[in-house]
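Structure first, commentary second.
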Amino acid sequence: MVRLKPKWILTGAFGIQISRSTLEEYSSKLLSISMSLLGLMAENLDVNPEELTSKFDDCIQGMRMNYYPPCVHADKVMGLAPHSDATGLTLLIQINEVEGLQIRKDRNWVPIEPIPGAIIIMSNGEYSNIEHRAVVNVEKERLSIAAFHSPNMEANVGPLPDLAAKKGAKYKTIGVEDFLKLIVSRKLDGKSLLDHLRIMH
Ligand SMILES: O=C(O)CCC(=O)C(=O)O
Ligand SMILES: [Fe+2]
């Protein structure tokens with residue numbers, strides 16, 4: 001859902017200008033890629049793709065442009081604190097080739113080339129929602145664009161019924177509105193959102 005009025009929406013440190021029409025085209029391409037990926041993920045989970053993709057009809061799409069200036073104290077500061085995106089699927093592009101994105105693997109932070117996709121809860125824990133952060137560089141600036149795709153307002157967020165039937169639900173099911181309220185009422189503090197929804201057996 002991109003609602004930007006000006007013709008030129010981004011003029012940055014790189015001298016880049018992105019026109020409104022370019023951004024709209026980019027947004028709709030990302031949307032169709034997301035739908036294809038969600039369909040493939042559902043197939044991989046052995047559930048009817050429609051069960052998952054229908055939640056994303058009229059999906060809520062948000063975009064965040066992150067600018068990380070260089071910092072001489074890069075070892076002491078964080079570009080973006082550790083978090084997991086509370087969306088269905090995130091597609092991330094790294095505009096210039098400065099490394100910065102890191103994902104948590106066990107106890108370590110692993111630098112990774114962009115284009116991570118993360119799916120939260122709907123897979124009932126079958127796909128894990130990667131915790132990640134962004135670090136800054138001593139000399140170089142960095143720019144990334146993250147596009148977040150969330151289910152439509154009428155959908156529920158929770159384990160897909162087919163998965164819950166097979167393995168038992170590990171998470172509660174709540175409406176998207178309540179899910180969004182939960183997100184804004186907490187901080188970017190790692191996995192605690194999942195803790196709110198996990199069913200204790
Ligand atoms: O800049 C990055 O590589 C990460 C951005 C990110 O995780 C986000 O915007 O949620
Ligand atoms: Fe993120």
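Residue numbers start at 1 in each chain; chains themselves are named A, B, ... in the order of the structure tokens; ligands are numbered from 1 in the order shown.
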
For A:Asn156, find every residue with an atom within 10 Å (counting only C-alpha atoms), except residues of its own chain fewer than 2 positions away, and show them as a PDB file with all heavy atoms, in the first residue's frame.
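See out.pdb below for the written result:
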```pdb
ATOM      1  N   LYS A  55      -4.957 -15.403   1.996  1.00  0.00           N
ATOM      2  CA  LYS A  55      -4.812 -14.446   3.103  1.00  0.00           C
ATOM      3  C   LYS A  55      -4.154 -13.152   2.626  1.00  0.00           C
ATOM      4  O   LYS A  55      -4.207 -12.125   3.276  1.00  0.00           O
ATOM      5  CB  LYS A  55      -3.946 -15.045   4.224  1.00  0.00           C
ATOM      6  CG  LYS A  55      -4.618 -16.164   4.986  1.00  0.00           C
ATOM      7  CD  LYS A  55      -3.663 -16.737   6.007  1.00  0.00           C
ATOM      8  CE  LYS A  55      -4.248 -17.927   6.736  1.00  0.00           C
ATOM      9  NZ  LYS A  55      -5.276 -17.542   7.708  1.00  0.00           N
ATOM     10  N   MET A 122       2.678 -18.499  10.386  1.00  0.00           N
ATOM     11  CA  MET A 122       1.721 -19.222   9.558  1.00  0.00           C
ATOM     12  C   MET A 122       2.165 -20.642   9.256  1.00  0.00           C
ATOM     13  O   MET A 122       1.360 -21.497   8.966  1.00  0.00           O
ATOM     14  CB  MET A 122       1.511 -18.483   8.253  1.00  0.00           C
ATOM     15  CG  MET A 122       0.676 -17.279   8.466  1.00  0.00           C
ATOM     16  SD  MET A 122       0.365 -16.576   6.908  1.00  0.00           S
ATOM     17  CE  MET A 122      -0.776 -15.332   7.385  1.00  0.00           C
ATOM     18  N   PRO A 151      -0.895 -10.148   5.714  1.00  0.00           N
ATOM     19  CA  PRO A 151      -2.224 -10.575   5.253  1.00  0.00           C
ATOM     20  C   PRO A 151      -3.235  -9.432   5.298  1.00  0.00           C
ATOM     21  O   PRO A 151      -3.027  -8.436   5.999  1.00  0.00           O
ATOM     22  CB  PRO A 151      -2.611 -11.654   6.259  1.00  0.00           C
ATOM     23  CG  PRO A 151      -1.372 -12.039   6.944  1.00  0.00           C
ATOM     24  CD  PRO A 151      -0.449 -10.874   6.894  1.00  0.00           C
ATOM     25  N   ASN A 152      -4.314  -9.589   4.561  1.00  0.00           N
ATOM     26  CA  ASN A 152      -5.351  -8.546   4.563  1.00  0.00           C
ATOM     27  C   ASN A 152      -6.057  -8.485   5.923  1.00  0.00           C
ATOM     28  O   ASN A 152      -5.950  -9.407   6.738  1.00  0.00           O
ATOM     29  CB  ASN A 152      -6.351  -8.780   3.417  1.00  0.00           C
ATOM     30  CG  ASN A 152      -7.057 -10.107   3.553  1.00  0.00           C
ATOM     31  OD1 ASN A 152      -7.713 -10.376   4.554  1.00  0.00           O
ATOM     32  ND2 ASN A 152      -6.920 -10.975   2.545  1.00  0.00           N
ATOM     33  N   MET A 153      -6.775  -7.399   6.155  1.00  0.00           N
ATOM     34  CA  MET A 153      -7.346  -7.132   7.479  1.00  0.00           C
ATOM     35  C   MET A 153      -8.397  -8.162   7.904  1.00  0.00           C
ATOM     36  O   MET A 153      -8.698  -8.307   9.082  1.00  0.00           O
ATOM     37  CB  MET A 153      -7.973  -5.733   7.528  1.00  0.00           C
ATOM     38  CG  MET A 153      -6.981  -4.607   7.430  1.00  0.00           C
ATOM     39  SD  MET A 153      -5.713  -4.659   8.718  1.00  0.00           S
ATOM     40  CE  MET A 153      -6.580  -3.883  10.054  1.00  0.00           C
ATOM     41  N   GLU A 154      -8.980  -8.861   6.924  1.00  0.00           N
ATOM     42  CA  GLU A 154     -10.008  -9.855   7.284  1.00  0.00           C
ATOM     43  C   GLU A 154      -9.403 -11.212   7.661  1.00  0.00           C
ATOM     44  O   GLU A 154     -10.090 -12.075   8.198  1.00  0.00           O
ATOM     45  CB  GLU A 154     -10.986 -10.093   6.106  1.00  0.00           C
ATOM     46  CG  GLU A 154     -12.054  -9.018   5.934  1.00  0.00           C
ATOM     47  CD  GLU A 154     -11.470  -7.726   5.387  1.00  0.00           C
ATOM     48  OE1 GLU A 154     -10.690  -7.811   4.422  1.00  0.00           O
ATOM     49  OE2 GLU A 154     -11.747  -6.653   5.964  1.00  0.00           O
ATOM     50  N   GLY A 158      -2.161 -17.233  12.133  1.00  0.00           N
ATOM     51  CA  GLY A 158      -2.051 -18.422  12.975  1.00  0.00           C
ATOM     52  C   GLY A 158      -1.626 -19.595  12.127  1.00  0.00           C
ATOM     53  O   GLY A 158      -1.510 -19.475  10.904  1.00  0.00           O
ATOM     54  N   PRO A 159      -1.396 -20.736  12.729  1.00  0.00           N
ATOM     55  CA  PRO A 159      -0.993 -21.907  11.950  1.00  0.00           C
ATOM     56  C   PRO A 159      -2.068 -22.258  10.929  1.00  0.00           C
ATOM     57  O   PRO A 159      -3.260 -22.187  11.241  1.00  0.00           O
ATOM     58  CB  PRO A 159      -0.888 -23.016  13.004  1.00  0.00           C
ATOM     59  CG  PRO A 159      -0.748 -22.305  14.298  1.00  0.00           C
ATOM     60  CD  PRO A 159      -1.473 -21.013  14.167  1.00  0.00           C
ATOM     61  N   LEU A 160      -1.646 -22.607   9.726  1.00  0.00           N
ATOM     62  CA  LEU A 160      -2.622 -23.004   8.711  1.00  0.00           C
ATOM     63  C   LEU A 160      -3.351 -24.262   9.197  1.00  0.00           C
ATOM     64  O   LEU A 160      -2.723 -25.169   9.772  1.00  0.00           O
ATOM     65  CB  LEU A 160      -1.907 -23.280   7.391  1.00  0.00           C
ATOM     66  CG  LEU A 160      -1.287 -22.037   6.742  1.00  0.00           C
ATOM     67  CD1 LEU A 160      -0.385 -22.429   5.586  1.00  0.00           C
ATOM     68  CD2 LEU A 160      -2.367 -21.070   6.287  1.00  0.00           C
ATOM     69  N   THR A 173      -4.316 -18.450  17.137  1.00  0.00           N
ATOM     70  CA  THR A 173      -4.775 -17.769  15.929  1.00  0.00           C
ATOM     71  C   THR A 173      -5.491 -16.493  16.352  1.00  0.00           C
ATOM     72  O   THR A 173      -6.381 -16.532  17.203  1.00  0.00           O
ATOM     73  CB  THR A 173      -5.742 -18.691  15.141  1.00  0.00           C
ATOM     74  OG1 THR A 173      -4.998 -19.816  14.672  1.00  0.00           O
ATOM     75  CG2 THR A 173      -6.364 -17.965  13.963  1.00  0.00           C
ATOM     76  N   ILE A 174      -5.063 -15.369  15.782  1.00  0.00           N
ATOM     77  CA  ILE A 174      -5.747 -14.104  16.104  1.00  0.00           C
ATOM     78  C   ILE A 174      -5.995 -13.327  14.811  1.00  0.00           C
ATOM     79  O   ILE A 174      -5.353 -13.586  13.794  1.00  0.00           O
ATOM     80  CB  ILE A 174      -4.952 -13.217  17.107  1.00  0.00           C
ATOM     81  CG1 ILE A 174      -3.579 -12.832  16.545  1.00  0.00           C
ATOM     82  CG2 ILE A 174      -4.792 -13.893  18.455  1.00  0.00           C
ATOM     83  CD1 ILE A 174      -2.852 -11.787  17.401  1.00  0.00           C
ATOM     84  N   GLY A 175      -6.922 -12.374  14.862  1.00  0.00           N
ATOM     85  CA  GLY A 175      -7.220 -11.554  13.687  1.00  0.00           C
ATOM     86  C   GLY A 175      -6.050 -10.615  13.388  1.00  0.00           C
ATOM     87  O   GLY A 175      -5.271 -10.286  14.281  1.00  0.00           O
ATOM     88  N   VAL A 176      -5.956 -10.199  12.115  1.00  0.00           N
ATOM     89  CA  VAL A 176      -4.849  -9.311  11.721  1.00  0.00           C
ATOM     90  C   VAL A 176      -4.867  -8.009  12.526  1.00  0.00           C
ATOM     91  O   VAL A 176      -3.822  -7.505  12.938  1.00  0.00           O
ATOM     92  CB  VAL A 176      -4.918  -9.025  10.200  1.00  0.00           C
ATOM     93  CG1 VAL A 176      -4.004  -7.875   9.816  1.00  0.00           C
ATOM     94  CG2 VAL A 176      -4.522 -10.271   9.416  1.00  0.00           C
ATOM     95  N   GLU A 177      -6.089  -7.494  12.800  1.00  0.00           N
ATOM     96  CA  GLU A 177      -6.160  -6.233  13.556  1.00  0.00           C
ATOM     97  C   GLU A 177      -5.523  -6.396  14.945  1.00  0.00           C
ATOM     98  O   GLU A 177      -4.715  -5.572  15.371  1.00  0.00           O
ATOM     99  CB  GLU A 177      -7.621  -5.812  13.672  1.00  0.00           C
ATOM    100  CG  GLU A 177      -7.754  -4.363  14.028  1.00  0.00           C
ATOM    101  CD  GLU A 177      -9.194  -3.898  14.019  1.00  0.00           C
ATOM    102  OE1 GLU A 177      -9.989  -4.392  13.193  1.00  0.00           O
ATOM    103  OE2 GLU A 177      -9.510  -3.051  14.870  1.00  0.00           O
ATOM    104  N   ASP A 178      -5.885  -7.482  15.616  1.00  0.00           N
ATOM    105  CA  ASP A 178      -5.303  -7.718  16.946  1.00  0.00           C
ATOM    106  C   ASP A 178      -3.795  -7.956  16.856  1.00  0.00           C
ATOM    107  O   ASP A 178      -3.029  -7.555  17.737  1.00  0.00           O
ATOM    108  CB  ASP A 178      -5.973  -8.923  17.620  1.00  0.00           C
ATOM    109  CG  ASP A 178      -7.378  -8.581  18.074  1.00  0.00           C
ATOM    110  OD1 ASP A 178      -7.648  -7.377  18.263  1.00  0.00           O
ATOM    111  OD2 ASP A 178      -8.205  -9.497  18.203  1.00  0.00           O
ATOM    112  N   PHE A 179      -3.403  -8.621  15.761  1.00  0.00           N
ATOM    113  CA  PHE A 179      -1.979  -8.892  15.550  1.00  0.00           C
ATOM    114  C   PHE A 179      -1.215  -7.570  15.407  1.00  0.00           C
ATOM    115  O   PHE A 179      -0.157  -7.372  16.013  1.00  0.00           O
ATOM    116  CB  PHE A 179      -1.824  -9.755  14.291  1.00  0.00           C
ATOM    117  CG  PHE A 179      -0.414 -10.180  13.998  1.00  0.00           C
ATOM    118  CD1 PHE A 179       0.246 -11.079  14.827  1.00  0.00           C
ATOM    119  CD2 PHE A 179       0.256  -9.697  12.891  1.00  0.00           C
ATOM    120  CE1 PHE A 179       1.555 -11.480  14.552  1.00  0.00           C
ATOM    121  CE2 PHE A 179       1.561 -10.090  12.608  1.00  0.00           C
ATOM    122  CZ  PHE A 179       2.204 -10.986  13.443  1.00  0.00           C
TER     123      PHE A 179
END
```

Within 7 Å of ligand 2, which residues of chain A come that close, and what is the closest atom pair and distance in Å for each? Count only C-alpha atoms and all ligand atoms and give it as a Markdown table.
```
| residue | atom | partner | partner_atom_place_in_ligand_line | distance |
| --- | --- | --- | --- | --- |
| A:His83 | CA | ligand 2 | 1 (Fe) | 6.3 |
| A:Ser84 | CA | ligand 2 | 1 (Fe) | 5.9 |
| A:Asp85 | CA | ligand 2 | 1 (Fe) | 4.9 |
| A:His132 | CA | ligand 2 | 1 (Fe) | 6.4 |
| A:Arg133 | CA | ligand 2 | 1 (Fe) | 6.9 |
```

Restrict the selected residues to C-alpha atoms and save them as a PDB file, in the first residue's frame.
```
ATOM      1  CA  HIS A  83      14.467  -8.111  15.447  1.00  0.00           C
ATOM      2  CA  SER A  84      12.250 -10.420  13.427  1.00  0.00           C
ATOM      3  CA  ASP A  85       9.915  -8.775  10.924  1.00  0.00           C
ATOM      4  CA  HIS A 132      18.346 -10.211  11.996  1.00  0.00           C
ATOM      5  CA  ARG A 133      20.044  -6.870  12.472  1.00  0.00           C
TER       6      ARG A 133
END
```

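Neighbours of ligand 1 at a cut-off of 8 Å, computed so that only C-alpha atoms and all ligand atoms are counted, are the residues Arg64, Met65, Asn66, Tyr67, Tyr68, Gly79, Leu80, His83, Ser84, Asp85, Leu92, Ile93, Gln94, Gly100, Leu101, Gln102, Pro114, His132, Arg133, Ala134, Arg142, Leu143, Ser144, Ile145, Ala146 and Ala147 of chain A.
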
**Q.** Every residue of stretch 27-179 of chain A that DSSP places in strand (DSSP E or B), as a PyMOL selection string
**A.** chain A and resi 60-68+80-83+89-94+101-105+108-111+132-134+142-150+156-157+171+174-175

Applying 8 Å and only C-alpha atoms, which residues near stretch 33-38 of chain A remain after dropping the ones on its own chain fewer than 5 positions away? List them as an mmCIF file with N, CA and C atoms, in the first residue's frame.
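This went into around-v1.cif:
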```cif
data_model
loop_
_atom_site.group_PDB
_atom_site.id
_atom_site.type_symbol
_atom_site.label_atom_id
_atom_site.label_comp_id
_atom_site.auth_asym_id
_atom_site.auth_seq_id
_atom_site.Cartn_x
_atom_site.Cartn_y
_atom_site.Cartn_z
ATOM 1 N N PRO A 49 -1.896 -24.315 -1.630
ATOM 2 C CA PRO A 49 -1.358 -22.954 -1.744
ATOM 3 C C PRO A 49 -2.421 -21.882 -1.549
ATOM 4 N N LEU A 52 -2.950 -20.406 1.881
ATOM 5 C CA LEU A 52 -2.019 -19.362 2.320
ATOM 6 C C LEU A 52 -2.165 -18.091 1.480
ATOM 7 N N THR A 53 -2.175 -18.247 0.153
ATOM 8 C CA THR A 53 -2.155 -17.046 -0.702
ATOM 9 C C THR A 53 -3.444 -16.231 -0.560
ATOM 10 N N PHE A 56 -3.462 -13.254 1.489
ATOM 11 C CA PHE A 56 -2.715 -12.091 0.993
ATOM 12 C C PHE A 56 -3.419 -11.393 -0.173
ATOM 13 N N LEU A 89 5.831 -11.937 4.771
ATOM 14 C CA LEU A 89 7.016 -12.147 3.942
ATOM 15 C C LEU A 89 7.713 -10.813 3.715
ATOM 16 N N LEU A 91 10.776 -8.908 1.571
ATOM 17 C CA LEU A 91 11.792 -8.967 0.519
ATOM 18 C C LEU A 91 12.690 -7.749 0.708
ATOM 19 N N HIS A 149 5.127 -7.714 3.499
ATOM 20 C CA HIS A 149 3.808 -8.131 3.016
ATOM 21 C C HIS A 149 3.058 -8.818 4.149
#
```

Q. Could you pull out all residues of stretch 15-195 of chain A with a DSSP call of alpha helix (DSSP H) and give them as a ChimeraX atom specification?
A. /A:20-44,49-53,161-167,176-184,192-195

Q: Would you work out the distance separating atom CA of A:Lys166 from atom CA of A:His196, expressed in Å to one decimal?
A: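 If I compute the distance from atom CA of A:Lys166 to atom CA of A:His196, I get 22.7 Å.
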
Q | Spatial neighbours of A:Leu180, max dist 10 Å, only C-alpha atoms, sep filter under 6 positions, as a PyMOL selection string | A | chain A and resi 86-87+150+153

Can you write out the residues you just picked, keeping N, CA and C atoms, as a PDB file, in the first residue's frame?
```pdb
ATOM      1  N   ALA A  86       7.639  -8.637  11.714  1.00  0.00           N
ATOM      2  CA  ALA A  86       6.326  -9.194  12.074  1.00  0.00           C
ATOM      3  C   ALA A  86       5.381  -9.141  10.877  1.00  0.00           C
ATOM      4  N   THR A  87       5.845  -9.700   9.776  1.00  0.00           N
ATOM      5  CA  THR A  87       5.035  -9.680   8.555  1.00  0.00           C
ATOM      6  C   THR A  87       4.974 -11.095   7.994  1.00  0.00           C
ATOM      7  N   SER A 150       1.912  -8.245   4.483  1.00  0.00           N
ATOM      8  CA  SER A 150       1.114  -8.807   5.573  1.00  0.00           C
ATOM      9  C   SER A 150      -0.253  -9.210   5.036  1.00  0.00           C
ATOM     10  N   MET A 153      -6.775  -7.399   6.155  1.00  0.00           N
ATOM     11  CA  MET A 153      -7.346  -7.132   7.479  1.00  0.00           C
ATOM     12  C   MET A 153      -8.397  -8.162   7.904  1.00  0.00           C
TER      13      MET A 153
END
```
